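As stored in upload_14.cif (mmCIF, C-alpha atoms):
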```cif
data_upload
loop_
_atom_site.group_PDB
_atom_site.id
_atom_site.type_symbol
_atom_site.label_atom_id
_atom_site.label_comp_id
_atom_site.auth_asym_id
_atom_site.auth_seq_id
_atom_site.Cartn_x
_atom_site.Cartn_y
_atom_site.Cartn_z
ATOM 1 C CA MET L 320 47.799 77.441 44.642
ATOM 2 C CA ARG L 321 45.076 74.971 45.523
ATOM 3 C CA GLU L 322 42.553 77.653 46.508
ATOM 4 C CA ILE L 323 41.595 80.308 43.997
ATOM 5 C CA ARG L 324 39.214 83.195 44.428
ATOM 6 C CA GLN L 325 38.044 84.667 41.127
ATOM 7 C CA SER L 326 36.751 88.217 41.151
ATOM 8 C CA GLY L 327 34.463 88.232 38.139
ATOM 9 C CA SER L 328 35.185 87.540 34.506
ATOM 10 C CA GLU L 329 36.918 90.883 33.935
ATOM 11 C CA GLY L 330 38.530 90.964 37.367
ATOM 12 C CA GLY L 331 41.787 89.539 38.588
ATOM 13 C CA VAL L 332 42.500 86.402 40.537
ATOM 14 C CA ALA L 333 43.556 86.422 44.167
ATOM 15 C CA LEU L 334 45.374 83.393 45.531
ATOM 16 C CA THR L 335 44.606 82.321 49.054
ATOM 17 C CA PRO L 336 47.611 80.355 50.319
ATOM 18 C CA PRO L 337 46.629 76.876 51.523
ATOM 19 C CA SER L 338 48.378 74.841 54.142
ATOM 20 C CA LEU L 339 51.294 73.017 52.567
ATOM 21 C CA PRO L 340 51.516 69.486 53.939
ATOM 22 C CA LEU L 341 54.999 68.142 53.289
ATOM 23 C CA SER L 342 55.789 64.472 52.929
ATOM 24 C CA PRO L 343 58.726 62.922 54.787
ATOM 25 C CA LEU L 344 60.640 63.085 51.481
ATOM 26 C CA ALA L 345 60.628 66.877 51.696
ATOM 27 C CA ASN L 346 62.133 67.070 55.164
ATOM 28 C CA ARG L 347 65.478 68.559 54.207
ATOM 29 C CA SER L 348 67.191 71.241 56.231
ATOM 30 C CA ASP L 349 67.795 73.404 53.148
ATOM 31 C CA ASP L 350 64.208 73.026 51.871
ATOM 32 C CA ARG L 351 61.808 75.037 53.967
ATOM 33 C CA VAL L 352 58.294 76.064 53.005
ATOM 34 C CA GLU L 353 59.249 79.676 53.754
ATOM 35 C CA LYS L 354 62.031 79.518 51.154
ATOM 36 C CA TYR L 355 59.590 78.558 48.402
ATOM 37 C CA LEU L 356 56.848 80.930 49.553
ATOM 38 C CA ASP L 357 59.381 83.790 49.486
ATOM 39 C CA GLU L 358 60.424 82.800 45.965
ATOM 40 C CA ILE L 359 56.807 82.617 44.776
ATOM 41 C CA GLN L 360 56.016 85.987 46.368
ATOM 42 C CA ARG L 361 59.100 87.691 44.901
ATOM 43 C CA ARG L 362 58.489 86.375 41.385
ATOM 44 C CA ALA L 363 54.714 86.975 41.434
ATOM 45 C CA ARG L 364 55.185 90.598 42.524
ATOM 46 C CA GLN L 365 57.338 91.051 39.407
ATOM 47 C CA GLY L 366 54.723 89.331 37.230
ATOM 48 C CA LYS L 367 57.048 86.407 36.533
ATOM 49 C CA CYS L 368 56.225 82.719 36.444
ATOM 50 C CA PHE L 369 58.132 79.693 35.150
ATOM 51 C CA HIS L 370 54.934 78.170 33.762
ATOM 52 C CA ARG L 371 51.804 80.206 33.404
ATOM 53 C CA PRO L 372 49.293 79.027 36.025
ATOM 54 C CA GLY L 373 46.312 77.125 34.724
ATOM 55 C CA LEU L 374 42.907 76.231 36.067
ATOM 56 C CA GLY L 375 43.140 72.455 35.957
ATOM 57 C CA VAL L 376 44.963 72.232 32.618
ATOM 58 C CA ARG L 377 47.291 74.551 30.744
ATOM 59 C CA GLU L 378 44.636 75.335 28.136
ATOM 60 C CA PHE L 379 42.778 77.339 30.822
ATOM 61 C CA ALA L 380 45.421 79.924 31.639
ATOM 62 C CA ALA L 381 44.958 81.985 34.782
ATOM 63 C CA ASP L 382 45.986 85.624 34.912
ATOM 64 C CA PHE L 383 47.235 86.554 38.351
ATOM 65 C CA ASP L 384 48.319 89.455 40.519
ATOM 66 C CA TRP L 385 50.082 89.260 43.864
ATOM 67 C CA VAL L 386 47.763 90.377 46.679
ATOM 68 C CA ASP L 387 49.597 91.715 49.733
ATOM 69 C CA SER L 388 46.486 92.335 51.792
ATOM 70 C CA ASP L 389 43.484 90.259 52.779
ATOM 71 C CA PRO L 390 41.936 88.755 49.594
ATOM 72 C CA ASP L 391 38.521 90.166 50.543
ATOM 73 C CA VAL L 392 40.022 93.674 50.764
ATOM 74 C CA ALA L 393 41.702 93.149 47.381
ATOM 75 C CA LEU L 394 38.401 91.963 45.924
ATOM 76 C CA ALA L 395 36.633 95.087 47.233
ATOM 77 C CA ARG L 396 39.424 97.268 45.791
ATOM 78 C CA ARG L 397 39.048 95.539 42.403
ATOM 79 C CA ALA L 398 35.269 96.045 42.536
ATOM 80 C CA ALA L 399 35.856 99.778 43.112
ATOM 81 C CA GLU L 400 38.216 99.854 40.103
ATOM 82 C CA LEU L 401 35.576 98.160 37.932
ATOM 83 C CA GLY L 402 32.776 100.367 39.225
ATOM 84 C CA HIS L 403 30.607 97.403 40.242
ATOM 85 C CA LEU L 404 30.736 94.319 42.408
ATOM 86 C CA PRO L 405 31.951 91.218 40.628
ATOM 87 C CA ASN L 406 29.272 88.636 40.037
ATOM 88 C CA GLN L 407 29.324 85.704 42.412
ATOM 89 C CA PHE L 408 29.816 82.748 40.128
ATOM 90 C CA ASN L 409 28.564 79.236 40.889
ATOM 91 C CA GLU L 410 28.979 76.245 38.617
ATOM 92 C CA ASP L 411 29.329 72.492 38.912
ATOM 93 C CA LEU L 412 32.290 71.567 36.693
ATOM 94 C CA GLY L 413 32.069 67.813 37.203
ATOM 95 C CA LEU L 414 35.120 65.585 37.441
ATOM 96 C CA MET L 415 38.490 67.306 37.145
ATOM 97 C CA LEU L 416 41.960 65.784 37.184
ATOM 98 C CA TYR L 417 43.502 66.319 40.611
ATOM 99 C CA ASP L 418 46.883 64.618 40.246
ATOM 100 C CA VAL L 419 48.555 61.691 38.522
ATOM 101 C CA PHE L 420 50.006 60.246 41.738
ATOM 102 C CA ASP L 421 48.247 59.080 44.874
ATOM 103 C CA ALA L 422 49.280 61.503 47.631
ATOM 104 C CA ARG L 423 49.473 58.659 50.184
ATOM 105 C CA GLU L 424 51.969 56.778 48.003
ATOM 106 C CA ARG L 425 53.870 59.919 47.060
ATOM 107 C CA ALA L 426 54.690 60.544 50.735
ATOM 108 C CA HIS L 427 56.888 57.443 50.686
ATOM 109 C CA GLY L 428 57.743 57.441 47.015
ATOM 110 C CA PHE L 429 60.686 58.087 44.782
ATOM 111 C CA ARG L 430 63.177 60.903 45.202
ATOM 112 C CA TRP L 431 66.649 61.492 43.803
ATOM 113 C CA LEU L 432 69.505 61.407 46.301
ATOM 114 C CA ARG L 433 71.203 64.724 46.874
ATOM 115 C CA THR L 434 74.902 65.101 46.056
ATOM 116 C CA GLU L 435 75.877 65.119 49.731
ATOM 117 C CA GLU L 436 74.029 61.813 50.282
ATOM 118 C CA ILE L 437 75.838 60.190 47.342
ATOM 119 C CA ASP L 438 79.151 61.561 48.637
ATOM 120 C CA ALA L 439 78.412 60.100 52.094
ATOM 121 C CA CYS L 440 77.808 56.664 50.520
ATOM 122 C CA GLU L 441 81.147 56.927 48.700
ATOM 123 C CA ARG L 442 82.926 57.851 51.946
ATOM 124 C CA ASP L 443 81.304 54.879 53.690
ATOM 125 C CA LEU L 444 82.497 52.618 50.872
ATOM 126 C CA ASP L 445 86.033 54.034 51.122
ATOM 127 C CA THR L 446 86.040 53.314 54.865
ATOM 128 C CA ALA L 447 84.793 49.757 54.299
ATOM 129 C CA LEU L 448 87.445 49.054 51.620
ATOM 130 C CA VAL L 449 90.505 50.263 53.562
ATOM 131 C CA SER L 450 91.438 46.773 54.765
ATOM 132 C CA LEU L 451 91.240 45.181 51.285
ATOM 133 C CA LYS L 452 94.024 44.816 48.721
ATOM 134 C CA ASN L 453 94.116 47.307 45.820
ATOM 135 C CA GLY L 454 92.828 44.804 43.241
ATOM 136 C CA GLU L 455 89.892 43.846 45.466
ATOM 137 C CA GLN L 456 89.177 47.536 46.184
ATOM 138 C CA THR L 457 89.040 48.272 42.431
ATOM 139 C CA LYS L 458 86.724 45.309 41.845
ATOM 140 C CA ARG L 459 84.358 46.392 44.652
ATOM 141 C CA ARG L 460 84.352 50.017 43.452
ATOM 142 C CA LYS L 461 83.338 48.891 39.946
ATOM 143 C CA GLU L 462 80.573 46.705 41.380
ATOM 144 C CA ASP L 463 79.373 49.540 43.588
ATOM 145 C CA SER L 464 79.444 52.036 40.724
ATOM 146 C CA ALA L 465 77.415 49.710 38.490
ATOM 147 C CA ASN L 466 74.845 48.908 41.185
ATOM 148 C CA ARG L 467 74.675 52.092 43.249
ATOM 149 C CA ARG L 468 71.206 53.523 43.553
ATOM 150 C CA ARG L 469 70.979 57.237 42.981
ATOM 151 C CA TRP L 470 67.467 57.372 44.382
ATOM 152 C CA THR L 471 65.560 56.316 47.465
ATOM 153 C CA GLY L 472 61.993 55.403 48.332
ATOM 154 C CA LYS L 473 59.823 53.228 46.167
ATOM 155 C CA LEU L 474 58.877 53.661 42.556
ATOM 156 C CA ILE L 475 55.221 54.541 42.269
ATOM 157 C CA LYS L 476 53.110 54.004 39.216
ATOM 158 C CA PRO L 477 51.233 57.035 37.895
ATOM 159 C CA GLN L 478 47.500 56.689 38.378
ATOM 160 C CA PRO L 479 45.043 59.503 37.715
ATOM 161 C CA ALA L 480 43.155 60.936 40.670
ATOM 162 C CA PHE L 481 40.073 63.092 40.205
ATOM 163 C CA PHE L 482 37.806 65.274 42.313
ATOM 164 C CA HIS L 483 34.328 66.679 41.805
ATOM 165 C CA ALA L 484 34.990 70.340 40.983
ATOM 166 C CA ARG L 485 32.475 72.963 42.053
ATOM 167 C CA ILE L 486 32.815 76.726 41.902
ATOM 168 C CA GLU L 487 30.894 78.267 44.786
ATOM 169 C CA ASN L 488 30.851 82.025 45.343
ATOM 170 C CA SER L 489 33.564 82.398 42.698
ATOM 171 C CA LYS L 490 35.820 79.974 44.563
ATOM 172 C CA LEU L 491 37.139 76.633 43.353
ATOM 173 C CA ASP L 492 38.164 74.651 46.421
ATOM 174 C CA CYS L 493 40.415 71.693 45.702
ATOM 175 C CA HIS L 494 42.253 71.370 49.013
ATOM 176 C CA PRO L 495 42.821 67.656 49.701
ATOM 177 C CA ASP L 496 41.340 67.938 53.205
ATOM 178 C CA ARG L 497 38.070 69.358 51.873
ATOM 179 C CA VAL L 498 37.385 67.395 48.677
ATOM 180 C CA GLN L 499 37.000 63.699 48.037
ATOM 181 C CA ILE L 500 39.849 62.394 45.877
ATOM 182 C CA LEU L 501 38.644 59.669 43.508
ATOM 183 C CA THR L 502 40.946 57.067 41.977
ATOM 184 C CA PRO L 503 39.778 54.620 39.308
ATOM 185 C CA THR L 504 39.953 50.911 39.963
ATOM 186 C CA ILE L 505 42.543 49.088 37.890
ATOM 187 C CA GLY L 506 41.587 45.954 35.945
ATOM 188 C CA GLY L 507 37.824 46.500 36.190
ATOM 189 C CA HIS L 508 37.533 45.628 39.902
#
```
As structure tokens:
Amino acid sequence: MREIRQSGSEGGVALTPPSLPLSPLANRSDDRVEKYLDEIQRRARQGKCFHRPGLGVREFAADFDWVDSDPDVALARRAAELGHLPNQFNEDLGLMLYDVFDARERAHGFRWLRTEEIDACERDLDTALVSLKNGEQTKRRKEDSANRRRWTGKLIKPQPAFFHARIENSKLDCHPDRVQILTPTIGGH
């Protein structure tokens, strides 16, 4: 939902699906882009959403309709419904919050371990403890339980990232490959 085409103030909004770059943290066999796109499509066709989409912040709610065809065809169909062509809207919005995490850091950042990964660690521990006496096994299990990490990657500190937002021809483009992401310097440097 990083590219939005607005068809006039009284018109609907058509979403143009962007490319979805996945970080190495998202490379899980059960998590495929298609799975999430199917879920989004199914729910949007029914008019459902977990959180109402917003344009930048939740105070600017975005009404939406699922568009099965080419967005330009949908825009023309909406213009016919309205009886006129939607106005092409252009405006420089200035700085807009893009994200609170640096995408480069997020690619190698924090993620919770899945249940099967935690179970695999426990099996590895069981295998390693087989040769020890029961008392020593209990001691090691307690140590492991107290110190076991349930996450991987590195903790990353939230830092706001902004971009210069411009609406051109009723389109707000905020794809990371086509806008400059700006991060403030910390400590006045």
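Taking all atoms listed in the file into account, L:Arg469 lies nearest to L:Trp431 out of the set L:Phe379, L:Phe420, L:Trp431, L:Phe482.
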Which residues match the PyMOL selection byres ((chain L and resi 478) around 10) in the file above, as a ChimeraX atom specification? /L:418-421,475-477,479-481,502-505
Please expand the PyMOL selection byres ((chain L and resi 356-373) around 10) into the concrete residues it hits in this file, giving the result as a PyMOL selection string. chain L and resi 320+336+351-355+374-387
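Between atom CA of L:His483 and atom CA of L:Ile500 the separation is 8.1 Å.
Taking atom CA of L:Lys473 as the reference point, atom CA of L:His427 is found at 6.8 Å.
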Determine, counting all atoms listed in the file, every residue of protein, DNA or RNA that lies within 9 Å of (33.3, 70.2, 35.1) in the file coordinates, then give the result as an NGL selection string. :L and (410-415 or 483-485)
Picked residues, the PyMOL selection byres ((chain L and resi 471) around 9), as a ChimeraX atom specification: /L:428-432,468-470,472-474
Interatomic distance (Å, one decimal) between atom CA of L:Thr434 and atom CA of L:Asp463: 16.4 Å
